[in-house]
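The file coords.csv contains CSV, C-alpha atoms and all ligand atoms:
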```csv
chain,number,residue,atom,x,y,z
I,1,MET,CA,-65.6,59.6,162.5
I,2,LYS,CA,-66.3,56.1,163.6
I,3,THR,CA,-66.4,53.4,160.8
I,4,ILE,CA,-66.3,49.7,160.6
I,5,ALA,CA,-63.0,48.2,159.4
I,6,LEU,CA,-62.8,44.8,157.7
I,7,HIS,CA,-59.9,42.7,158.9
I,8,ASN,CA,-58.8,39.4,157.5
I,9,PRO,CA,-61.2,39.3,154.5
I,10,GLY,CA,-62.2,35.7,153.9
I,11,PRO,CA,-64.1,33.0,155.7
I,12,GLU,CA,-62.7,34.2,159.1
I,13,TYR,CA,-63.3,37.9,158.6
I,14,ARG,CA,-63.6,40.3,161.5
I,15,LEU,CA,-65.6,43.6,161.6
I,16,GLU,CA,-64.3,46.1,164.2
I,17,LEU,CA,-64.9,49.8,165.0
I,18,ALA,CA,-62.2,52.1,163.7
I,19,SER,CA,-61.6,55.8,163.1
I,20,ALA,CA,-61.5,57.3,159.6
I,21,ALA,CA,-61.2,60.7,158.1
I,22,MET,CA,-64.5,62.5,157.5
I,23,PRO,CA,-65.4,62.3,153.8
I,24,THR,CA,-65.9,65.5,151.8
I,25,PRO,CA,-68.6,65.6,149.1
I,26,GLY,CA,-67.6,66.0,145.5
I,27,ASP,CA,-69.7,68.4,143.3
I,28,ASP,CA,-72.4,65.8,142.6
I,29,GLU,CA,-72.4,64.2,146.1
I,30,VAL,CA,-74.3,64.4,149.4
I,31,LEU,CA,-72.7,63.8,152.8
I,32,ILE,CA,-75.1,62.0,155.0
I,33,ARG,CA,-74.9,61.9,158.8
I,34,VAL,CA,-75.9,58.3,159.1
I,35,ALA,CA,-78.9,57.2,161.3
I,36,ALA,CA,-78.8,53.6,160.1
I,37,ALA,CA,-77.2,51.4,157.4
I,38,GLY,CA,-78.9,48.4,155.9
I,39,VAL,CA,-77.1,45.1,156.1
I,40,ASN,CA,-77.1,43.2,152.8
I,41,ARG,CA,-76.1,39.7,151.8
I,42,ALA,CA,-73.6,41.3,149.4
I,43,ASP,CA,-71.8,42.8,152.5
I,44,ILE,CA,-71.1,39.3,153.7
I,45,LEU,CA,-69.9,38.2,150.3
I,46,GLN,CA,-67.6,41.2,150.2
I,47,ALA,CA,-66.3,40.6,153.7
I,48,ARG,CA,-65.5,37.0,152.7
I,49,GLY,CA,-63.5,38.3,149.8
I,50,ALA,CA,-66.0,37.1,147.1
I,51,TYR,CA,-67.5,40.4,146.0
I,52,PRO,CA,-65.0,43.2,145.5
I,53,PRO,CA,-66.3,46.8,145.3
I,54,PRO,CA,-66.5,48.2,141.8
I,55,ALA,CA,-63.7,50.6,140.7
I,56,GLY,CA,-63.8,53.9,142.5
I,57,ALA,CA,-66.2,52.7,145.3
I,58,SER,CA,-65.4,52.9,149.0
I,59,GLU,CA,-63.7,49.8,150.4
I,60,THR,CA,-65.9,50.2,153.5
I,61,LEU,CA,-69.0,47.9,153.6
I,62,GLY,CA,-72.5,49.3,153.3
I,63,LEU,CA,-74.8,49.7,150.2
I,64,GLU,CA,-77.5,51.9,151.7
I,65,VAL,CA,-78.0,54.4,154.5
I,66,SER,CA,-80.5,56.8,155.9
I,67,GLY,CA,-79.9,59.9,158.0
I,68,HIS,CA,-79.6,63.7,157.6
I,69,VAL,CA,-77.8,65.8,155.0
I,70,ALA,CA,-74.6,67.1,156.5
I,71,ALA,CA,-73.1,68.8,153.5
I,72,LEU,CA,-73.8,69.1,149.7
I,73,GLY,CA,-71.8,69.3,146.6
I,74,ARG,CA,-72.4,72.4,144.5
I,75,ASN,CA,-74.4,70.6,141.8
I,76,VAL,CA,-76.9,69.0,144.2
I,77,THR,CA,-79.8,71.4,144.4
I,78,ILE,CA,-82.8,69.3,145.3
I,79,PHE,CA,-81.8,68.8,149.0
I,80,LYS,CA,-80.6,71.1,151.8
I,81,THR,CA,-78.6,70.6,154.9
I,82,GLY,CA,-80.6,68.9,157.6
I,83,ASP,CA,-83.0,67.1,155.2
I,84,ALA,CA,-83.9,63.5,156.2
I,85,VAL,CA,-82.9,61.2,153.3
I,86,CYS,CA,-82.1,57.7,152.4
I,87,ALA,CA,-79.7,56.6,149.7
I,88,LEU,CA,-78.3,53.8,147.6
I,89,LEU,CA,-74.5,53.6,147.8
I,90,ALA,CA,-71.8,51.8,145.9
I,91,GLY,CA,-70.1,51.3,149.3
I,92,GLY,CA,-69.2,53.1,152.5
I,93,GLY,CA,-72.4,52.8,154.5
I,94,TYR,CA,-71.0,51.3,157.7
I,95,GLY,CA,-69.9,54.5,159.4
I,96,GLU,CA,-71.1,57.7,161.1
I,97,TYR,CA,-71.0,59.6,157.7
I,98,ALA,CA,-71.4,58.3,154.2
I,99,LEU,CA,-71.2,59.9,150.7
I,100,ALA,CA,-74.0,59.3,148.2
I,101,HIS,CA,-74.3,60.4,144.6
I,102,GLY,CA,-77.1,63.0,144.5
I,103,GLY,CA,-78.9,60.9,141.9
I,104,ALA,CA,-79.3,58.0,144.3
I,105,VAL,CA,-80.9,59.9,147.2
I,106,LEU,CA,-84.6,60.0,148.2
I,107,ALA,CA,-86.3,62.2,150.8
I,108,VAL,CA,-87.6,60.4,153.9
I,109,PRO,CA,-91.2,61.5,154.3
I,110,PRO,CA,-92.6,62.8,157.6
I,111,GLY,CA,-94.1,60.0,159.6
I,112,LEU,CA,-91.4,57.5,158.5
I,113,ASP,CA,-88.8,56.7,161.1
I,114,VAL,CA,-85.5,58.1,159.6
I,115,ALA,CA,-83.4,55.1,160.8
I,116,ASP,CA,-85.9,52.5,159.5
I,117,ALA,CA,-85.8,54.2,156.0
I,118,ALA,CA,-82.3,52.6,155.6
I,119,ALA,CA,-84.3,49.3,154.9
I,120,LEU,CA,-85.7,50.7,151.6
I,121,PRO,CA,-83.1,51.8,149.0
I,122,GLU,CA,-81.3,48.6,148.0
I,123,ALA,CA,-84.5,46.6,148.0
I,124,LEU,CA,-86.6,49.0,146.0
I,125,PHE,CA,-83.9,50.0,143.5
I,126,THR,CA,-83.1,46.3,142.9
I,127,ALA,CA,-86.7,45.0,142.7
I,128,TRP,CA,-87.9,47.9,140.5
I,129,THR,CA,-85.1,47.7,137.8
I,130,ASN,CA,-85.1,43.9,137.7
I,131,VAL,CA,-88.9,43.4,137.5
I,132,ILE,CA,-89.9,46.5,135.5
I,133,ASP,CA,-86.9,47.4,133.3
I,134,THR,CA,-85.5,43.8,132.8
I,135,GLY,CA,-88.6,41.7,133.5
I,136,ARG,CA,-91.0,44.1,131.7
I,137,LEU,CA,-93.9,43.3,134.1
I,138,MET,CA,-97.1,44.6,132.4
I,139,PRO,CA,-100.5,45.4,133.9
I,140,ASN,CA,-102.6,42.3,134.7
I,141,GLU,CA,-99.5,40.1,134.7
I,142,THR,CA,-98.4,37.9,137.6
I,143,LEU,CA,-95.1,38.0,139.5
I,144,LEU,CA,-93.4,35.3,141.6
I,145,ILE,CA,-90.8,36.5,144.1
I,146,HIS,CA,-88.4,33.9,145.5
I,147,GLY,CA,-87.0,34.7,149.0
I,148,GLY,CA,-90.2,36.5,150.0
I,149,THR,CA,-88.9,37.5,153.4
I,150,SER,CA,-85.4,38.5,152.4
I,151,GLY,CA,-84.5,42.1,152.7
I,152,ILE,CA,-85.3,42.4,149.0
I,153,GLY,CA,-88.4,40.3,149.1
I,154,VAL,CA,-90.3,42.2,151.9
I,155,ALA,CA,-90.1,45.5,150.0
I,156,ALA,CA,-90.6,43.9,146.6
I,157,ILE,CA,-93.9,42.2,147.7
I,158,GLN,CA,-95.3,45.4,149.1
I,159,MET,CA,-94.2,47.5,146.1
I,160,PHE,CA,-95.8,45.3,143.4
I,161,ALA,CA,-98.8,44.3,145.4
I,162,ARG,CA,-99.6,48.0,146.1
I,163,LEU,CA,-99.1,48.8,142.4
I,164,GLY,CA,-101.9,46.3,141.7
I,165,PHE,CA,-100.1,43.2,140.6
I,166,ARG,CA,-100.9,39.6,141.7
I,167,VAL,CA,-97.8,38.6,143.6
I,168,PHE,CA,-96.7,35.1,144.7
I,169,ALA,CA,-93.8,34.4,146.9
I,170,THR,CA,-91.7,31.6,148.3
I,171,ALA,CA,-90.2,31.3,151.8
I,172,GLY,CA,-88.7,28.7,154.0
I,173,SER,CA,-91.3,28.4,156.8
I,174,ASP,CA,-95.0,28.7,157.3
I,175,GLU,CA,-94.4,31.7,159.6
I,176,LYS,CA,-92.4,33.4,156.8
I,177,CYS,CA,-95.1,32.6,154.3
I,178,ARG,CA,-97.7,34.2,156.5
I,179,LEU,CA,-95.6,37.4,156.7
I,180,CYS,CA,-95.4,37.4,152.8
I,181,GLU,CA,-99.2,37.3,152.7
I,182,THR,CA,-99.6,40.0,155.3
I,183,LEU,CA,-97.3,42.2,153.1
I,184,GLY,CA,-99.6,41.6,150.1
I,185,ALA,CA,-98.7,38.3,148.4
I,186,GLN,CA,-101.8,36.6,147.2
I,187,SER,CA,-100.3,33.3,148.2
I,188,ALA,CA,-96.9,32.3,149.6
I,189,ILE,CA,-95.4,28.9,149.1
I,190,ASN,CA,-93.2,27.1,151.7
I,191,TYR,CA,-90.4,25.8,149.5
I,192,ARG,CA,-89.5,23.2,152.1
I,193,THR,CA,-92.9,21.5,152.0
I,194,GLU,CA,-94.5,22.5,148.7
I,195,ASP,CA,-93.6,22.5,145.0
I,196,PHE,CA,-93.7,26.1,143.8
I,197,VAL,CA,-94.1,25.0,140.2
I,198,ALA,CA,-97.3,23.1,140.9
I,199,ALA,CA,-98.6,25.8,143.4
I,200,THR,CA,-98.2,28.7,140.9
I,201,ARG,CA,-99.7,26.7,138.1
I,202,GLU,CA,-102.7,26.0,140.3
I,203,HIS,CA,-103.1,29.7,141.2
I,204,THR,CA,-102.6,31.1,137.7
I,205,GLY,CA,-103.7,28.3,135.3
I,206,LYS,CA,-100.9,29.2,132.8
I,207,GLY,CA,-97.9,29.9,135.0
I,208,VAL,CA,-96.4,33.2,136.2
I,209,ASP,CA,-95.4,36.0,133.8
I,210,VAL,CA,-92.3,37.3,135.6
I,211,ILE,CA,-90.1,35.5,138.2
I,212,LEU,CA,-87.6,37.4,140.4
I,213,ASP,CA,-85.1,34.8,141.6
I,214,MET,CA,-82.1,34.9,144.0
I,215,VAL,CA,-81.7,31.2,144.4
I,216,GLY,CA,-80.5,29.8,141.1
I,217,GLY,CA,-79.1,26.2,141.1
I,218,GLY,CA,-82.0,23.8,140.6
I,219,TYR,CA,-84.5,26.7,140.6
I,220,VAL,CA,-83.3,27.7,137.1
I,221,GLN,CA,-85.0,24.7,135.4
I,222,ARG,CA,-88.0,24.8,137.8
I,223,ASN,CA,-88.5,28.5,137.1
I,224,MET,CA,-88.8,27.7,133.4
I,225,ALA,CA,-91.5,25.1,134.3
I,226,ALA,CA,-93.3,27.7,136.5
I,227,ALA,CA,-93.2,30.5,133.8
I,228,ALA,CA,-96.2,31.3,131.6
I,229,PRO,CA,-95.6,31.3,127.8
I,230,SER,CA,-93.5,34.4,127.0
I,231,GLY,CA,-92.5,34.6,130.6
I,232,ARG,CA,-89.4,36.5,131.9
I,233,ILE,CA,-87.1,35.1,134.6
I,234,VAL,CA,-84.7,37.5,136.2
I,235,ASN,CA,-81.9,36.3,138.5
I,236,ILE,CA,-80.3,38.7,141.0
I,237,ALA,CA,-78.2,36.0,142.6
I,238,TYR,CA,-77.4,32.3,142.4
I,239,GLN,CA,-77.2,31.4,146.0
I,240,ASP,CA,-77.6,27.7,145.2
I,241,GLY,CA,-75.1,27.8,142.4
I,242,ALA,CA,-74.4,29.4,139.0
I,243,LYS,CA,-73.3,26.3,137.2
I,244,VAL,CA,-76.2,24.1,136.2
I,245,GLY,CA,-77.2,21.6,133.5
I,246,LEU,CA,-80.3,22.8,131.7
I,247,ASP,CA,-82.9,21.4,129.2
I,248,LEU,CA,-83.3,24.6,127.1
I,249,GLY,CA,-86.0,23.1,124.9
I,250,VAL,CA,-88.7,24.6,127.2
I,251,LEU,CA,-87.1,28.1,126.6
I,252,LEU,CA,-87.9,27.7,122.9
I,253,ARG,CA,-91.3,26.1,123.2
I,254,LYS,CA,-92.6,28.7,125.8
I,255,ARG,CA,-90.6,31.7,124.2
I,256,LEU,CA,-89.1,32.5,127.6
I,257,THR,CA,-86.5,35.1,128.5
I,258,LEU,CA,-83.7,34.3,131.0
I,259,ALA,CA,-81.9,37.3,132.4
I,260,ALA,CA,-79.7,38.3,135.3
I,261,THR,CA,-78.4,41.7,136.5
I,262,THR,CA,-76.4,43.4,139.2
I,263,LEU,CA,-77.1,46.9,140.5
I,264,ARG,CA,-73.9,47.9,142.2
I,265,GLY,CA,-71.6,48.4,139.2
I,266,ARG,CA,-74.1,50.4,137.2
I,267,SER,CA,-73.3,54.0,136.2
I,268,VAL,CA,-74.6,56.9,138.3
I,269,LEU,CA,-76.9,57.8,135.4
I,270,GLU,CA,-78.5,54.4,135.4
I,271,LYS,CA,-79.0,54.6,139.1
I,272,GLN,CA,-80.4,58.1,138.8
I,273,ALA,CA,-83.0,56.8,136.2
I,274,ILE,CA,-84.1,54.1,138.7
I,275,ARG,CA,-84.3,56.7,141.5
I,276,ASP,CA,-86.4,59.0,139.3
I,277,ALA,CA,-88.8,56.1,138.4
I,278,LEU,CA,-89.1,55.2,142.1
I,279,ALA,CA,-89.7,58.8,143.0
I,280,LYS,CA,-92.5,59.0,140.5
I,281,ASN,CA,-94.2,55.6,140.8
I,282,VAL,CA,-93.4,54.2,144.3
I,283,TRP,CA,-92.5,57.0,146.6
I,284,PRO,CA,-96.1,58.3,146.9
I,285,LEU,CA,-96.9,54.9,148.3
I,286,VAL,CA,-94.1,55.2,150.8
I,287,GLU,CA,-95.3,58.8,151.7
I,288,ALA,CA,-98.8,57.4,152.3
I,289,GLY,CA,-97.5,54.7,154.6
I,290,ARG,CA,-98.6,51.9,152.2
I,291,ILE,CA,-95.1,50.6,151.7
I,292,LYS,CA,-93.2,50.3,155.0
I,293,PRO,CA,-89.8,49.2,156.1
I,294,VAL,CA,-89.9,45.7,157.5
I,295,VAL,CA,-87.1,45.6,160.1
I,296,ASP,CA,-86.0,42.2,161.5
I,297,SER,CA,-83.5,43.6,164.0
I,298,ARG,CA,-81.3,46.6,164.8
I,299,PHE,CA,-77.7,46.4,166.0
I,300,PRO,CA,-75.5,49.3,167.1
I,301,LEU,CA,-72.8,50.0,164.5
I,302,GLY,CA,-70.1,48.5,166.7
I,303,GLU,CA,-71.9,45.2,166.6
I,304,ALA,CA,-71.7,44.8,162.8
I,305,GLN,CA,-70.2,41.3,163.2
I,306,ALA,CA,-73.2,40.2,165.3
I,307,ALA,CA,-75.5,41.6,162.6
I,308,HIS,CA,-73.7,39.6,160.0
I,309,ARG,CA,-74.0,36.4,162.1
I,310,ARG,CA,-77.8,37.0,162.3
I,311,MET,CA,-78.0,37.2,158.5
I,312,THR,CA,-75.7,34.1,158.0
I,313,ALA,CA,-77.8,32.1,160.4
I,314,GLY,CA,-80.8,32.7,158.1
I,315,GLY,CA,-83.6,33.0,160.7
I,316,HIS,CA,-84.2,36.6,159.9
I,317,ALA,CA,-87.3,38.0,158.1
I,318,GLY,CA,-86.9,41.5,156.7
I,319,LYS,CA,-84.0,43.9,157.0
I,320,ILE,CA,-81.2,43.9,159.5
I,321,LEU,CA,-80.1,47.4,160.4
I,322,LEU,CA,-76.9,48.9,161.9
I,323,THR,CA,-77.9,52.0,163.9
I,324,VAL,CA,-75.6,55.0,164.7
I,325,ALA,CA,-76.4,56.8,167.9
Y,1,LIG,N1,-78.2,41.5,141.6
Y,1,LIG,C1,-78.4,42.6,142.4
Y,1,LIG,O1,-78.2,43.7,142.0
Y,1,LIG,C2,-78.7,42.3,143.9
Y,1,LIG,C3,-79.0,43.4,144.7
Y,1,LIG,C4,-79.4,43.2,146.0
Y,1,LIG,C5,-79.4,41.9,146.5
Y,1,LIG,N2,-79.1,40.8,145.7
Y,1,LIG,C6,-79.1,39.4,146.1
Y,1,LIG,O2,-80.4,39.2,146.6
Y,1,LIG,C7,-80.4,38.2,147.6
Y,1,LIG,C8,-81.2,38.7,148.8
Y,1,LIG,O3,-80.4,39.7,149.4
Y,1,LIG,P1,-80.8,40.1,150.9
Y,1,LIG,O4,-79.7,41.1,151.4
Y,1,LIG,O5,-82.2,40.5,150.9
Y,1,LIG,O6,-80.5,38.7,151.7
Y,1,LIG,P2,-81.3,38.0,152.8
Y,1,LIG,O7,-82.2,38.8,153.5
Y,1,LIG,O8,-80.3,37.2,153.6
Y,1,LIG,O9,-82.2,36.9,152.0
Y,1,LIG,C9,-81.7,35.7,151.5
Y,1,LIG,C10,-82.9,34.9,151.0
Y,1,LIG,O10,-82.6,33.8,150.2
Y,1,LIG,C11,-83.5,32.8,150.5
Y,1,LIG,N3,-82.9,31.5,150.1
Y,1,LIG,C12,-81.7,31.1,150.3
Y,1,LIG,N4,-81.5,29.8,149.9
Y,1,LIG,C13,-82.7,29.5,149.4
Y,1,LIG,C14,-83.2,28.3,148.7
Y,1,LIG,N5,-82.4,27.2,148.5
Y,1,LIG,N6,-84.5,28.3,148.3
Y,1,LIG,C15,-85.3,29.3,148.5
Y,1,LIG,N7,-84.9,30.5,149.1
Y,1,LIG,C16,-83.6,30.5,149.5
Y,1,LIG,C17,-83.8,32.9,152.0
Y,1,LIG,O11,-85.1,32.3,152.2
Y,1,LIG,P3,-85.5,31.7,153.6
Y,1,LIG,O12,-85.0,32.6,154.7
Y,1,LIG,O13,-87.0,31.7,153.5
Y,1,LIG,O14,-84.9,30.3,153.7
Y,1,LIG,C18,-83.8,34.4,152.2
Y,1,LIG,O15,-85.1,35.0,152.0
Y,1,LIG,C19,-78.9,37.9,147.9
Y,1,LIG,O16,-78.5,36.8,147.3
Y,1,LIG,C20,-78.2,39.1,147.3
Y,1,LIG,O17,-76.9,38.9,147.0
Y,1,LIG,C21,-78.7,41.1,144.4
```
Mind turning this structure into structure tokens?
Amino acid sequence: MKTIALHNPGPEYRLELASAAMPTPGDDEVLIRVAAAGVNRADILQARGAYPPPAGASETLGLEVSGHVAALGRNVTIFKTGDAVCALLAGGGYGEYALAHGGAVLAVPPGLDVADAAALPEALFTAWTNVIDTGRLMPNETLLIHGGTSGIGVAAIQMFARLGFRVFATAGSDEKCRLCETLGAQSAINYRTEDFVAATREHTGKGVDVILDMVGGGYVQRNMAAAAPSGRIVNIAYQDGAKVGLDLGVLLRKRLTLAATTLRGRSVLEKQAIRDALAKNVWPLVEAGRIKPVVDSRFPLGEAQAAHRRMTAGGHAGKILLTVA
């Protein structure tokens, strides 16, 4: 089968088409004939040598795919060959076939383009577990999502807005802010021209209850200023730096929680619990067309390097996909 090989990992990495042996599913796995793979910022970090795959995961890039079930391990009984599915992977998505653990697979509903469904798993799994499990977002609370038009943000805004929460978002241009509002954000803040601390205070009166942050750096202190008393701040990345000087007095005074998590290295049981929560609480909204993939661009698998260049340039809004003919 065709796959994408990573050459010269580091700042000058190259992604090229290569041949690989067809994977065989283990007892708990599903072999998926890939229609599309989502491109994630983590793939770029891995290609640069800064984010090694967890023990046991494929060395091939790719954290999510959609496609059709090609073969099943004997313990996977909820799918059958030919079913349209999408899946979260620990690696190995950039190829014609990919292996997923059965507990991280969801059915693609009729009416949803199978390839476009590759835009959903990583974003929905990440946003759900960080905002609900770690952030403990409760009914009638407010949520601020930084990076509103990131691959994560476009799905997270829709999910929490459709679930009835008041969602605020930040993005780096007025056009990106309008997209956030179209997706369901009550208000989006252009972080280049507005102060999100002042803007969210003005909208909420007391600050926001939960903040999902991927920026870090100077945002860590400013998030504490933007949070409501007893607020929870959850970081999924520190793109602007993980080493910061902080005045933690505000943490005490406002009884805040600072947390950070990664998804990739979690056990299959933890991922299955997130999949089950999504299937129950969120998938009916996907089936009803109320949460939709937001696709920035599609590149053929062999142009994975160009897809990475598009993400690195930063002009994208939504998911970049690699499609397999
Ligand atoms: N912890 C986890 O388990 C986990 C899982 C998945 C993803 N992630 C992380 O989540 C982030 C998003 O992933 P992705 O694949 O969706 O990437 P992406 O589409 O490339 O999004 C990156 C986002 O970061 C925003 N950004 C960068 N610097 C910023 C700054 N200084 N201020 C405000 N916003 C800034 C960009 O906003 P503008 O374009 O508006 O400038 C953009 O929306 C990545 O950092 C990724 O590593 C973590």
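Using all atoms listed in the file, the contacts of Ser267 in chain I at a cut-off of 12 Å, with sequence neighbours closer than 2 positions omitted, comprise Pro54, Ala55, Gly56, Ala57, Leu89, Ala90, His101, Gly103, Ala104, Thr262, Leu263, Arg264, Gly265, Leu269, Glu270, Lys271, Gln272, Ala273 and Ile274 of chain I.
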inquiry  = Please list, as a PyMOL selection string, the residues that have an atom at most 12 Å away from (-94.7, 39.3, 150.1) in the coordinates of this file, counting only C-alpha atoms.
reply    = chain I and resi 143-162+165-171+176-189+291+294+317-318
Expected answer as a list in words: all residues with atoms within 9 Å of (-84.8, 53.2, 158.4), all atoms listed in the file = Ala35, Ala36, Ala37, Gly38, Val65, Ser66, Gly67, Cys86, Val108, Leu112, Asp113, Val114, Ala115, Asp116, Ala117, Ala118, Ala119, Leu120, Pro293, Val295, Leu321 and Thr323 of chain I
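Using all atoms listed in the file, the shortest contact distance between ligand LIG 1 (chain Y) and any of I:Gly172, I:Gly93, I:Gly231, I:Gly111 is found at I:Gly172.
Atom O4 of ligand LIG 1 (chain Y) lies 12.0 Å from CA of Asp296 in chain I.
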remark   = If you count only C-alpha atoms and all ligand atoms, the residue of I:Gly62, I:Gly95, I:Gly249, I:Gly102 closest to ligand LIG 1 (chain Y) turns out to be I:Gly62
task = Compile the contact shell of Pro109 in chain I as a ChimeraX atom specification: residues with an atom at most 10 Å away, counting only C-alpha atoms, same-chain residues fewer than 5 positions apart removed.
result = /I:83-85,114,117,283-284,286-289
Produce a file of the selected residues containing C-alpha atoms, as an mmCIF file, keeping the file's coordinate frame.
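Everything below was put into result.cif:
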```cif
data_model
loop_
_atom_site.group_PDB
_atom_site.id
_atom_site.type_symbol
_atom_site.label_atom_id
_atom_site.label_comp_id
_atom_site.auth_asym_id
_atom_site.auth_seq_id
_atom_site.Cartn_x
_atom_site.Cartn_y
_atom_site.Cartn_z
ATOM 1 C CA ASP I 83 -83.000 67.100 155.200
ATOM 2 C CA ALA I 84 -83.900 63.500 156.200
ATOM 3 C CA VAL I 85 -82.900 61.200 153.300
ATOM 4 C CA VAL I 114 -85.500 58.100 159.600
ATOM 5 C CA ALA I 117 -85.800 54.200 156.000
ATOM 6 C CA TRP I 283 -92.500 57.000 146.600
ATOM 7 C CA PRO I 284 -96.100 58.300 146.900
ATOM 8 C CA VAL I 286 -94.100 55.200 150.800
ATOM 9 C CA GLU I 287 -95.300 58.800 151.700
ATOM 10 C CA ALA I 288 -98.800 57.400 152.300
ATOM 11 C CA GLY I 289 -97.500 54.700 154.600
#
```
Atom-to-atom span, CA of Asp27 in chain I and CA of Glu59 in chain I, Å =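 CA of Glu59 in chain I lies at a distance of 20.8 Å from CA of Asp27 in chain I.
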task = Point out the residue among I:Ile233, I:Leu246, I:Ile132, I:Ala5 with the least atom-to-atom distance to Gly217 in chain I, counting all atoms listed in the file.
result = I:Leu246
inquiry  = List the spatial neighbours of Tyr51 in chain I as a PyMOL selection string - criterion: any atom at most 12 Å away, all atoms listed in the file, same-chain residues fewer than 3 positions off excluded.
reply    = chain I and resi 9-10+41-48+54+59+61+91+262+264-265
Any chance you could export the current selection's C-alpha atoms as a PDB file, in the frame of the given file?
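Dumped everything to out08.pdb:
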```
ATOM      1  CA  PRO I   9     -61.200  39.300 154.500  1.00  0.00           C
ATOM      2  CA  GLY I  10     -62.200  35.700 153.900  1.00  0.00           C
ATOM      3  CA  ARG I  41     -76.100  39.700 151.800  1.00  0.00           C
ATOM      4  CA  ALA I  42     -73.600  41.300 149.400  1.00  0.00           C
ATOM      5  CA  ASP I  43     -71.800  42.800 152.500  1.00  0.00           C
ATOM      6  CA  ILE I  44     -71.100  39.300 153.700  1.00  0.00           C
ATOM      7  CA  LEU I  45     -69.900  38.200 150.300  1.00  0.00           C
ATOM      8  CA  GLN I  46     -67.600  41.200 150.200  1.00  0.00           C
ATOM      9  CA  ALA I  47     -66.300  40.600 153.700  1.00  0.00           C
ATOM     10  CA  ARG I  48     -65.500  37.000 152.700  1.00  0.00           C
ATOM     11  CA  PRO I  54     -66.500  48.200 141.800  1.00  0.00           C
ATOM     12  CA  GLU I  59     -63.700  49.800 150.400  1.00  0.00           C
ATOM     13  CA  LEU I  61     -69.000  47.900 153.600  1.00  0.00           C
ATOM     14  CA  GLY I  91     -70.100  51.300 149.300  1.00  0.00           C
ATOM     15  CA  THR I 262     -76.400  43.400 139.200  1.00  0.00           C
ATOM     16  CA  ARG I 264     -73.900  47.900 142.200  1.00  0.00           C
ATOM     17  CA  GLY I 265     -71.600  48.400 139.200  1.00  0.00           C
TER      18      GLY I 265
END
```
task = Compare I:Arg290, I:Lys254, I:Arg201, I:His308 by their minimum atom-to-atom distance to ligand LIG 1 (chain Y), counting all atoms listed in the file, and give me the closest one.
result =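 Of I:Arg290, I:Lys254, I:Arg201, I:His308, the one nearest ligand LIG 1 (chain Y) is I:His308, counting all atoms listed in the file.
Candidate residues I:Asp247, I:Asp209, I:Glu64, I:Asp276 were compared for distance to ligand LIG 1 (chain Y), and the nearest is I:Glu64, using only C-alpha atoms and all ligand atoms.
From atom P2 of ligand LIG 1 (chain Y) back to CA of Asn235 in chain I, the distance works out to 14.4 Å.
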inquiry  = Neighbouring residues of Thr24 in chain I were defined as those with any atom within 12 Å, considering all atoms listed in the file; residues of the same chain fewer than 4 positions away were excluded. Please report them as an MDAnalysis selection string.
reply    = chainID I and resid 28:33 70:74 97:100
task = Quick one: everything within 9 Å of Gly241 in chain I, counting only C-alpha atoms, minus sequence neighbours fewer than 4 positions away in the same chain. Send it as an MDAnalysis selection string.
result = chainID I and resid 215:218 237
Residue among I:Met1, I:Met214, I:Val250, I:Leu278 lying closest to ligand LIG 1 (chain Y), counting all atoms listed in the file =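 Counting all atoms listed in the file, the residue closest to ligand LIG 1 (chain Y) is I:Met214.
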